[in-house]
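Participant: For reference, the file work_14.cif (mmCIF, C-alpha atoms and all ligand atoms) is included below:
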data_my_file
loop_
_atom_site.label_atom_id
_atom_site.label_comp_id
_atom_site.auth_asym_id
_atom_site.auth_seq_id
_atom_site.Cartn_x
_atom_site.Cartn_y
_atom_site.Cartn_z
CA MET A 1 2.75 -20.02 -11.22
CA THR A 2 0.82 -17.54 -9.10
CA ASP A 3 0.36 -14.02 -10.34
CA ASN A 4 2.05 -11.18 -8.62
CA LEU A 5 0.08 -8.43 -6.89
CA ILE A 6 1.36 -4.89 -7.41
CA LYS A 7 0.10 -1.81 -5.57
CA ILE A 8 1.10 1.66 -6.66
CA CYS A 9 0.49 4.00 -3.75
CA GLY A 10 0.13 7.74 -3.36
CA LEU A 11 -1.15 8.58 -6.84
CA SER A 12 -2.55 12.07 -7.15
CA THR A 13 -2.78 12.94 -10.85
CA GLU A 14 -4.74 11.58 -13.82
CA GLU A 15 -1.55 11.10 -15.82
CA THR A 16 0.08 8.86 -13.23
CA VAL A 17 -3.11 6.90 -12.49
CA GLN A 18 -3.30 6.21 -16.23
CA ALA A 19 0.37 5.18 -16.26
CA ALA A 20 -0.23 2.77 -13.38
CA LEU A 21 -3.28 1.28 -15.12
CA ASP A 22 -1.51 1.00 -18.48
CA ALA A 23 1.43 -0.70 -16.77
CA GLY A 24 -0.95 -3.25 -15.25
CA ALA A 25 -0.94 -2.33 -11.56
CA ASP A 26 -3.46 -4.37 -9.57
CA MET A 27 -4.14 -1.78 -6.88
CA ILE A 28 -3.89 1.98 -6.77
CA GLY A 29 -3.58 3.80 -3.44
CA LEU A 30 -5.07 7.23 -2.72
CA VAL A 31 -3.74 8.95 0.40
CA PHE A 32 -6.23 10.86 2.58
CA PHE A 33 -3.85 12.40 5.10
CA PRO A 34 -3.29 16.17 4.90
CA LYS A 35 0.27 15.98 6.26
CA SER A 36 1.29 13.77 3.33
CA PRO A 37 2.75 15.26 0.14
CA ARG A 38 0.49 12.73 -1.67
CA HIS A 39 -2.75 13.81 0.00
CA VAL A 40 -5.74 14.04 -2.33
CA GLY A 41 -8.97 15.91 -1.63
CA LEU A 42 -12.29 14.16 -2.02
CA SER A 43 -13.31 15.61 -5.37
CA GLU A 44 -9.95 14.82 -7.00
CA ALA A 45 -10.02 11.35 -5.42
CA CYS A 46 -13.45 10.68 -6.94
CA LYS A 47 -12.11 11.49 -10.42
CA LEU A 48 -9.03 9.30 -9.97
CA ALA A 49 -11.06 6.45 -8.51
CA ASP A 50 -13.51 6.58 -11.42
CA MET A 51 -10.62 6.23 -13.86
CA ALA A 52 -9.45 3.08 -12.08
CA ARG A 53 -12.78 1.47 -11.24
CA GLY A 54 -13.05 -2.02 -12.68
CA LYS A 55 -9.43 -1.93 -13.88
CA ALA A 56 -7.54 -1.95 -10.60
CA ASP A 57 -8.61 -2.12 -6.97
CA ILE A 58 -8.97 1.30 -5.36
CA VAL A 59 -7.33 1.57 -1.95
CA ALA A 60 -8.27 4.49 0.33
CA LEU A 61 -5.40 5.07 2.75
CA THR A 62 -6.17 6.80 6.04
CA VAL A 63 -4.40 7.40 9.35
CA ASN A 64 -6.54 7.25 12.51
CA MET A 65 -9.44 8.88 10.65
CA ASP A 66 -12.74 9.38 12.47
CA LEU A 67 -15.94 7.67 11.36
CA ASP A 68 -17.34 10.79 9.67
CA GLY A 69 -14.29 11.00 7.43
CA LEU A 70 -14.28 7.30 6.64
CA SER A 71 -18.01 7.38 5.85
CA ARG A 72 -17.54 10.29 3.43
CA ILE A 73 -14.74 8.49 1.60
CA ASN A 74 -16.81 5.32 1.52
CA GLU A 75 -19.84 7.06 0.05
CA LEU A 76 -18.13 9.39 -2.41
CA VAL A 77 -15.01 7.51 -3.52
CA ALA A 78 -16.40 3.98 -3.08
CA PRO A 79 -13.01 2.30 -2.61
CA ASP A 80 -12.54 -1.46 -2.79
CA TRP A 81 -10.22 -1.34 0.22
CA PHE A 82 -9.47 0.78 3.24
CA GLN A 83 -5.81 0.78 4.23
CA PHE A 84 -5.35 1.83 7.85
CA HIS A 85 -1.87 3.22 8.40
CA GLY A 86 -2.14 4.53 11.95
CA SER A 87 -2.71 3.01 15.37
CA GLU A 88 -6.18 1.64 14.55
CA THR A 89 -6.88 -1.35 16.80
CA PRO A 90 -7.93 -4.80 15.53
CA GLU A 91 -11.41 -4.00 16.94
CA ALA A 92 -11.60 -0.77 14.92
CA CYS A 93 -10.51 -2.63 11.78
CA ALA A 94 -13.16 -5.28 12.36
CA ALA A 95 -15.85 -2.64 12.96
CA ALA A 96 -14.93 -0.77 9.76
CA LYS A 97 -15.09 -3.99 7.77
CA VAL A 98 -18.64 -4.66 8.98
CA MET A 99 -19.78 -1.03 8.67
CA TYR A 100 -18.43 -0.32 5.17
CA LYS A 101 -18.42 -3.85 3.75
CA LYS A 102 -15.01 -3.17 2.24
CA LYS A 103 -11.77 -5.12 2.42
CA ILE A 104 -9.38 -3.90 5.09
CA MET A 105 -5.58 -3.79 4.87
CA LYS A 106 -3.71 -2.89 8.06
CA ALA A 107 -0.19 -1.51 7.96
CA VAL A 108 2.20 -3.00 10.51
CA ALA A 109 5.51 -1.20 11.04
CA ILE A 110 8.59 -3.40 11.25
CA SER A 111 12.14 -2.88 12.38
CA GLU A 112 12.85 -6.23 14.09
CA ALA A 113 11.37 -9.73 14.34
CA ALA A 114 9.37 -8.94 17.50
CA ASP A 115 7.33 -6.38 15.54
CA LEU A 116 5.77 -9.19 13.51
CA GLU A 117 3.75 -10.39 16.51
CA GLN A 118 1.07 -7.74 16.27
CA ALA A 119 0.32 -8.86 12.71
CA VAL A 120 -1.12 -12.09 14.09
CA PHE A 121 -4.05 -10.24 15.72
CA TYR A 122 -4.71 -8.01 12.72
CA SER A 123 -4.60 -10.95 10.33
CA ILE A 124 -7.59 -12.50 12.09
CA VAL A 125 -9.89 -9.55 11.34
CA CYS A 126 -8.33 -7.87 8.28
CA ASP A 127 -8.10 -9.09 4.71
CA ARG A 128 -4.42 -8.33 4.21
CA ILE A 129 -1.44 -7.07 6.21
CA LEU A 130 0.88 -4.45 4.73
CA PHE A 131 4.34 -4.69 6.22
CA ASP A 132 6.12 -1.34 6.10
CA ALA A 133 9.33 -0.01 7.64
CA LYS A 134 9.07 1.95 10.89
CA PRO A 135 9.21 5.65 9.99
CA PRO A 136 12.36 7.63 10.79
CA GLU A 137 12.03 9.54 14.09
CA ASP A 138 11.88 12.92 12.38
CA SER A 139 9.18 11.92 9.89
CA ASP A 140 5.76 13.64 9.89
CA VAL A 141 4.10 10.66 8.24
CA PRO A 142 3.85 7.00 9.26
CA GLY A 143 4.36 5.74 5.69
CA GLY A 144 5.72 6.74 2.32
CA ASN A 145 9.15 7.43 3.79
CA GLY A 146 11.19 5.43 1.28
CA VAL A 147 12.92 3.33 3.93
CA SER A 148 13.24 -0.47 3.96
CA PHE A 149 13.49 -3.12 6.66
CA ASP A 150 15.16 -6.53 6.69
CA TRP A 151 13.10 -8.40 4.07
CA THR A 152 14.31 -11.81 5.30
CA LEU A 153 12.15 -11.32 8.43
CA LEU A 154 9.09 -12.20 6.31
CA LYS A 155 10.47 -15.42 4.84
CA GLY A 156 8.21 -18.34 5.76
CA LEU A 157 5.82 -16.15 7.76
CA ASP A 158 2.50 -17.95 8.27
CA LEU A 159 -0.46 -15.65 8.95
CA ALA A 160 -4.21 -16.16 8.77
CA LYS A 161 -4.34 -13.75 5.82
CA PRO A 162 -1.99 -12.78 2.99
CA PHE A 163 0.46 -9.95 3.34
CA MET A 164 2.11 -7.33 1.16
CA LEU A 165 5.63 -5.91 1.39
CA SER A 166 6.33 -2.18 1.27
CA GLY A 167 9.01 0.27 2.31
CA GLY A 168 11.66 1.73 0.06
CA LEU A 169 10.91 -0.47 -2.95
CA ASN A 170 11.94 0.61 -6.45
CA ALA A 171 12.73 -0.99 -9.80
CA SER A 172 16.31 -1.69 -8.72
CA ASN A 173 15.58 -3.59 -5.52
CA VAL A 174 12.13 -5.14 -5.97
CA ALA A 175 13.44 -8.42 -7.43
CA GLU A 176 15.76 -8.90 -4.45
CA ALA A 177 12.96 -7.92 -2.05
CA ILE A 178 10.67 -10.56 -3.57
CA ALA A 179 13.39 -13.21 -3.47
CA LEU A 180 14.43 -12.50 0.14
CA SER A 181 10.96 -12.01 1.62
CA GLY A 182 9.22 -14.79 -0.29
CA THR A 183 6.24 -12.55 -1.05
CA THR A 184 4.98 -11.60 -4.49
CA ALA A 185 2.65 -8.87 -3.22
CA ILE A 186 4.44 -5.56 -3.23
CA ASP A 187 3.74 -1.86 -2.83
CA ALA A 188 5.76 1.22 -3.77
CA SER A 189 5.48 4.97 -3.42
CA SER A 190 8.71 7.00 -2.98
CA GLY A 191 10.69 4.73 -5.32
CA ILE A 192 8.50 5.73 -8.26
CA GLU A 193 8.74 9.48 -7.68
CA ARG A 194 11.04 12.02 -9.33
CA GLU A 195 10.80 14.19 -6.22
CA LYS A 196 8.96 13.82 -2.92
CA GLY A 197 5.25 13.41 -3.64
CA VAL A 198 5.62 13.69 -7.44
CA LYS A 199 5.07 10.37 -9.21
CA ASP A 200 6.88 9.67 -12.47
CA SER A 201 5.07 7.69 -15.18
CA GLU A 202 8.30 6.20 -16.53
CA LEU A 203 9.39 5.02 -13.06
CA ILE A 204 5.92 3.50 -12.53
CA ARG A 205 6.20 1.56 -15.81
CA ALA A 206 9.70 0.35 -14.95
CA PHE A 207 8.67 -0.73 -11.45
CA VAL A 208 5.62 -2.70 -12.59
CA ALA A 209 7.53 -4.37 -15.44
CA THR A 210 10.41 -5.39 -13.16
CA ALA A 211 8.08 -6.62 -10.43
CA ARG A 212 6.18 -8.74 -12.95
CA SER A 213 9.31 -10.39 -14.31
CA ALA A 214 10.73 -10.88 -10.80
CA GLN A 215 7.61 -12.85 -9.99
CA VAL A 216 8.37 -15.29 -12.84
CA VAL A 217 11.89 -15.88 -11.51
CA SER A 218 10.76 -16.30 -7.88
CA GLY A 219 7.98 -18.70 -8.95
CA GLU A 220 10.35 -21.14 -10.63
O1 LIG B 301 2.52 7.82 1.24
C1 LIG B 301 2.31 8.60 2.18
O2 LIG B 301 2.58 9.79 2.12
C2 LIG B 301 1.69 8.06 3.44
C3 LIG B 301 1.32 8.96 4.42
C4 LIG B 301 0.78 8.50 5.59
C5 LIG B 301 0.59 7.16 5.80
C6 LIG B 301 0.95 6.26 4.82
C7 LIG B 301 1.51 6.69 3.64
N1 LIG B 301 1.89 5.78 2.67
C8 LIG B 301 1.65 4.37 2.84
C9 LIG B 301 1.98 3.44 1.74
O3 LIG B 301 1.21 2.51 1.47
C10 LIG B 301 3.31 3.49 1.08
O4 LIG B 301 3.22 2.98 -0.19
C11 LIG B 301 4.27 2.63 1.91
O5 LIG B 301 4.44 3.25 3.15
C12 LIG B 301 5.64 2.53 1.22
O6 LIG B 301 6.15 3.80 0.98
P1 LIG B 301 7.59 3.99 0.34
O7 LIG B 301 8.59 3.51 1.33
O8 LIG B 301 7.67 5.44 0.08
O9 LIG B 301 7.60 3.17 -0.93
#
Translate the structure of the given file into structure tokens.
Ligand SMILES: O=C(O)c1ccccc1NCC(=O)[C@H](O)[C@H](O)COP(=O)(O)O
Facilitator:
Amino acid sequence: MTDNLIKICGLSTEETVQAALDAGADMIGLVFFPKSPRHVGLSEACKLADMARGKADIVALTVNMDLDGLSRINELVAPDWFQFHGSETPEACAAAKVMYKKKIMKAVAISEAADLEQAVFYSIVCDRILFDAKPPEDSDVPGGNGVSFDWTLLKGLDLAKPFMLSGGLNASNVAEAIALSGTTAIDASSGIEREKGVKDSELIRAFVATARSAQVVSGE
């Protein structure tokens, strides 16, 4: 039985970071994107990262950020991962990996099977692919929109690197998402919030617990 990998994204308070750690999340995501309701400033991010260091992997999420910004996050927050959620090219991902010596996760937006093709190139240079739903047309942000895509598109997908499923996951649908996609690496943000951008410790606990037990069922 392989262990499941659970990322809790868009944490912005000490209480909810602690809830994610206590629940046993493997990765915590900090969003550095001012348009996002989950955006954290550098000093707050340092505090949250220090709480998680050594207990869960720290993922710094950016969207088309310039090198100055990435370097500041790298030096001050010292994340384990950078998650690129914009239109960063495979070359830019590869350069960041060499420059910062951190693991790189690239988000790939999916609405139909043809969208999977670009993941092939990213999987050569990145450490993990994060499949997310394409954002609604009226959205200001490329992720964290609480929308799902057809999970069966991922079934049997063979990439050079592992992938993670995200988009509209919550405690009620994560077991089905794992079963239909065939992945046990999952990420959630909106589905563990009581209102947009406000994480809920109880919802975090329920999500992690359900995702863990879903992994046992899917591994049988
Ligand atoms: O969460 C955000 O606000 C965000 C803003 C800009 C780019 C990416 C963002 N989130 C990326 C994530 O990793 C989310 O967890 C992923 O998109 C799933 O979100 P949700 O559908 O809300 O669970």
Participant: Of the residues A:Gly41, A:Gly182, A:Pro34, A:Gly144, which is the one nearest to A:Leu157, using only C-alpha atoms?
Facilitator: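 Checking each candidate against A:Leu157, we get A:Gly182 as the closest.
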Participant: What does the list of residues within 6 Å of ligand LIG 301 (chain B) look like if you count all atoms listed in the file, written as an mmCIF file with C-alpha atoms, in the frame of the given file?
Facilitator:
data_model
loop_
_atom_site.group_PDB
_atom_site.id
_atom_site.type_symbol
_atom_site.label_atom_id
_atom_site.label_comp_id
_atom_site.auth_asym_id
_atom_site.auth_seq_id
_atom_site.Cartn_x
_atom_site.Cartn_y
_atom_site.Cartn_z
ATOM 1 C CA CYS A 9 0.490 4.000 -3.750
ATOM 2 C CA GLY A 10 0.130 7.740 -3.360
ATOM 3 C CA SER A 36 1.290 13.770 3.330
ATOM 4 C CA PRO A 37 2.750 15.260 0.140
ATOM 5 C CA ARG A 38 0.490 12.730 -1.670
ATOM 6 C CA HIS A 85 -1.870 3.220 8.400
ATOM 7 C CA ASP A 132 6.120 -1.340 6.100
ATOM 8 C CA VAL A 141 4.100 10.660 8.240
ATOM 9 C CA PRO A 142 3.850 7.000 9.260
ATOM 10 C CA GLY A 143 4.360 5.740 5.690
ATOM 11 C CA GLY A 144 5.720 6.740 2.320
ATOM 12 C CA ASN A 145 9.150 7.430 3.790
ATOM 13 C CA GLY A 146 11.190 5.430 1.280
ATOM 14 C CA VAL A 147 12.920 3.330 3.930
ATOM 15 C CA SER A 166 6.330 -2.180 1.270
ATOM 16 C CA GLY A 167 9.010 0.270 2.310
ATOM 17 C CA GLY A 168 11.660 1.730 0.060
ATOM 18 C CA LEU A 169 10.910 -0.470 -2.950
ATOM 19 C CA ASP A 187 3.740 -1.860 -2.830
ATOM 20 C CA ALA A 188 5.760 1.220 -3.770
ATOM 21 C CA SER A 189 5.480 4.970 -3.420
ATOM 22 C CA SER A 190 8.710 7.000 -2.980
ATOM 23 C CA GLY A 191 10.690 4.730 -5.320
#
Participant: Hey, which bits of stretch 9-63 of chain A sit within 9 Å of stretch 75-80 of chain A, and for each residue what's the closest pair of atoms and how far apart in Å (one decimal), counting all atoms listed in the file, rows by chain and increasing number, as a Markdown table?
Facilitator:
| residue | atom | partner | partner_atom | distance |
| --- | --- | --- | --- | --- |
| A:Leu42 | CA | A:Val77 | CA | 7.3 |
| A:Ser43 | CA | A:Leu76 | CA | 8.4 |
| A:Ala45 | CA | A:Val77 | CA | 6.6 |
| A:Cys46 | CA | A:Val77 | CA | 4.9 |
| A:Lys47 | CA | A:Val77 | CA | 8.5 |
| A:Leu48 | CA | A:Val77 | CA | 9.0 |
| A:Ala49 | CA | A:Val77 | CA | 6.5 |
| A:Asp50 | CA | A:Val77 | CA | 8.1 |
| A:Arg53 | CA | A:Pro79 | CA | 8.7 |
| A:Asp57 | CA | A:Asp80 | CA | 5.8 |
| A:Ile58 | CA | A:Pro79 | CA | 5.0 |
| A:Val59 | CA | A:Pro79 | CA | 5.8 |
| A:Ala60 | CA | A:Pro79 | CA | 6.0 |
Participant: List as JSON, numbers by chain: which residues have an atom within 9 Å of (2.0, -5.5, -4.6), counting all atoms listed in the file?
Facilitator: {"A": [4, 5, 6, 7, 8, 25, 26, 27, 164, 165, 166, 183, 184, 185, 186, 187, 188, 211]}
Participant: For A:Ile129, which residue among A:Asp115, A:Lys161, A:Lys155, A:Ser172 is the nearest when counting all atoms listed in the file?
Facilitator: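 Ranked by minimum distance to A:Ile129, first place goes to A:Lys161.
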Participant: Ranking A:Gly24, A:Gly86, A:Gly156, A:Pro135 by minimum distance to A:Asp66 and counting all atoms listed in the file, which one comes first?
Facilitator: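 Smallest distance to A:Asp66 is found for A:Gly86.
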Participant: Suppose you want the space between atom CA of A:Ala119 and atom CA of A:Glu88; what is it in Å?
Facilitator: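 Value for the atom CA of A:Ala119-atom CA of A:Glu88 distance: 12.5 Å.
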Participant: Report, in Å with one decimal, the straight-line distance from atom CA of A:Val17 to atom CA of A:Met51.
Facilitator: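 Between atom CA of A:Val17 and atom CA of A:Met51 the gap works out to 7.7 Å.
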Participant: Could you tell me how far atom CA of A:Phe207 lies from atom CA of A:Ala171, in Å and to one decimal?
Facilitator: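 Computing the Euclidean distance for atom CA of A:Phe207 and atom CA of A:Ala171 yields 4.4 Å.
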Participant: Let me make sure I understand: among A:Ala19, A:Val125, A:Ile73, A:Ile110, which one has the smallest atom-to-atom distance to A:Lys97 if we use all atoms listed in the file?
Facilitator: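 Using all atoms listed in the file, A:Lys97 sits closest to A:Val125.
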Participant: Tell me which of A:Arg72, A:His39, A:Arg205, A:Arg128 sits closest to A:Met105, counting all atoms listed in the file.
Facilitator: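 When distances to A:Met105 are compared using all atoms listed in the file, the smallest one comes from A:Arg128.
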Participant: Which residue is closest to A:Val198? Choose from A:Ile104, A:Leu11, A:Ala92, A:Met65 and count only C-alpha atoms.
Facilitator: A:Leu11
Participant: Please check which residues have atoms at most 12 Å from (-13.3, -3.7, 10.1) in the file's coordinates, counting only C-alpha atoms, and write them as a ChimeraX atom specification.
Facilitator: /A:67,70,81-84,88-106,122-128
Participant: Emit as lines of an AutoDock Vina configuration file the padded axis-aligned box for all listed atoms of stretch 125-128 of chain A, 8 Å per side, with centre and edge lengths in Å to one decimal.
Facilitator:
center_x = -7.2
center_y = -8.7
center_z = 7.8
size_x = 21.5
size_y = 17.7
size_z = 23.1
Participant: With only C-alpha atoms as the counted atoms, please give the residues lying no more than 6 Å from A:Phe32, apart from itself and same-chain residues fewer than 3 positions off, as a short mmCIF file (atom, residue, chain, number, x, y, z; two decimals) with C-alpha atoms, in the frame of the given file.
Facilitator:
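Saved the output as part06.cif:
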data_model
loop_
_atom_site.label_atom_id
_atom_site.label_comp_id
_atom_site.auth_asym_id
_atom_site.auth_seq_id
_atom_site.Cartn_x
_atom_site.Cartn_y
_atom_site.Cartn_z
CA HIS A 39 -2.75 13.81 0.00
CA VAL A 40 -5.74 14.04 -2.33
CA LEU A 61 -5.40 5.07 2.75
CA THR A 62 -6.17 6.80 6.04
#
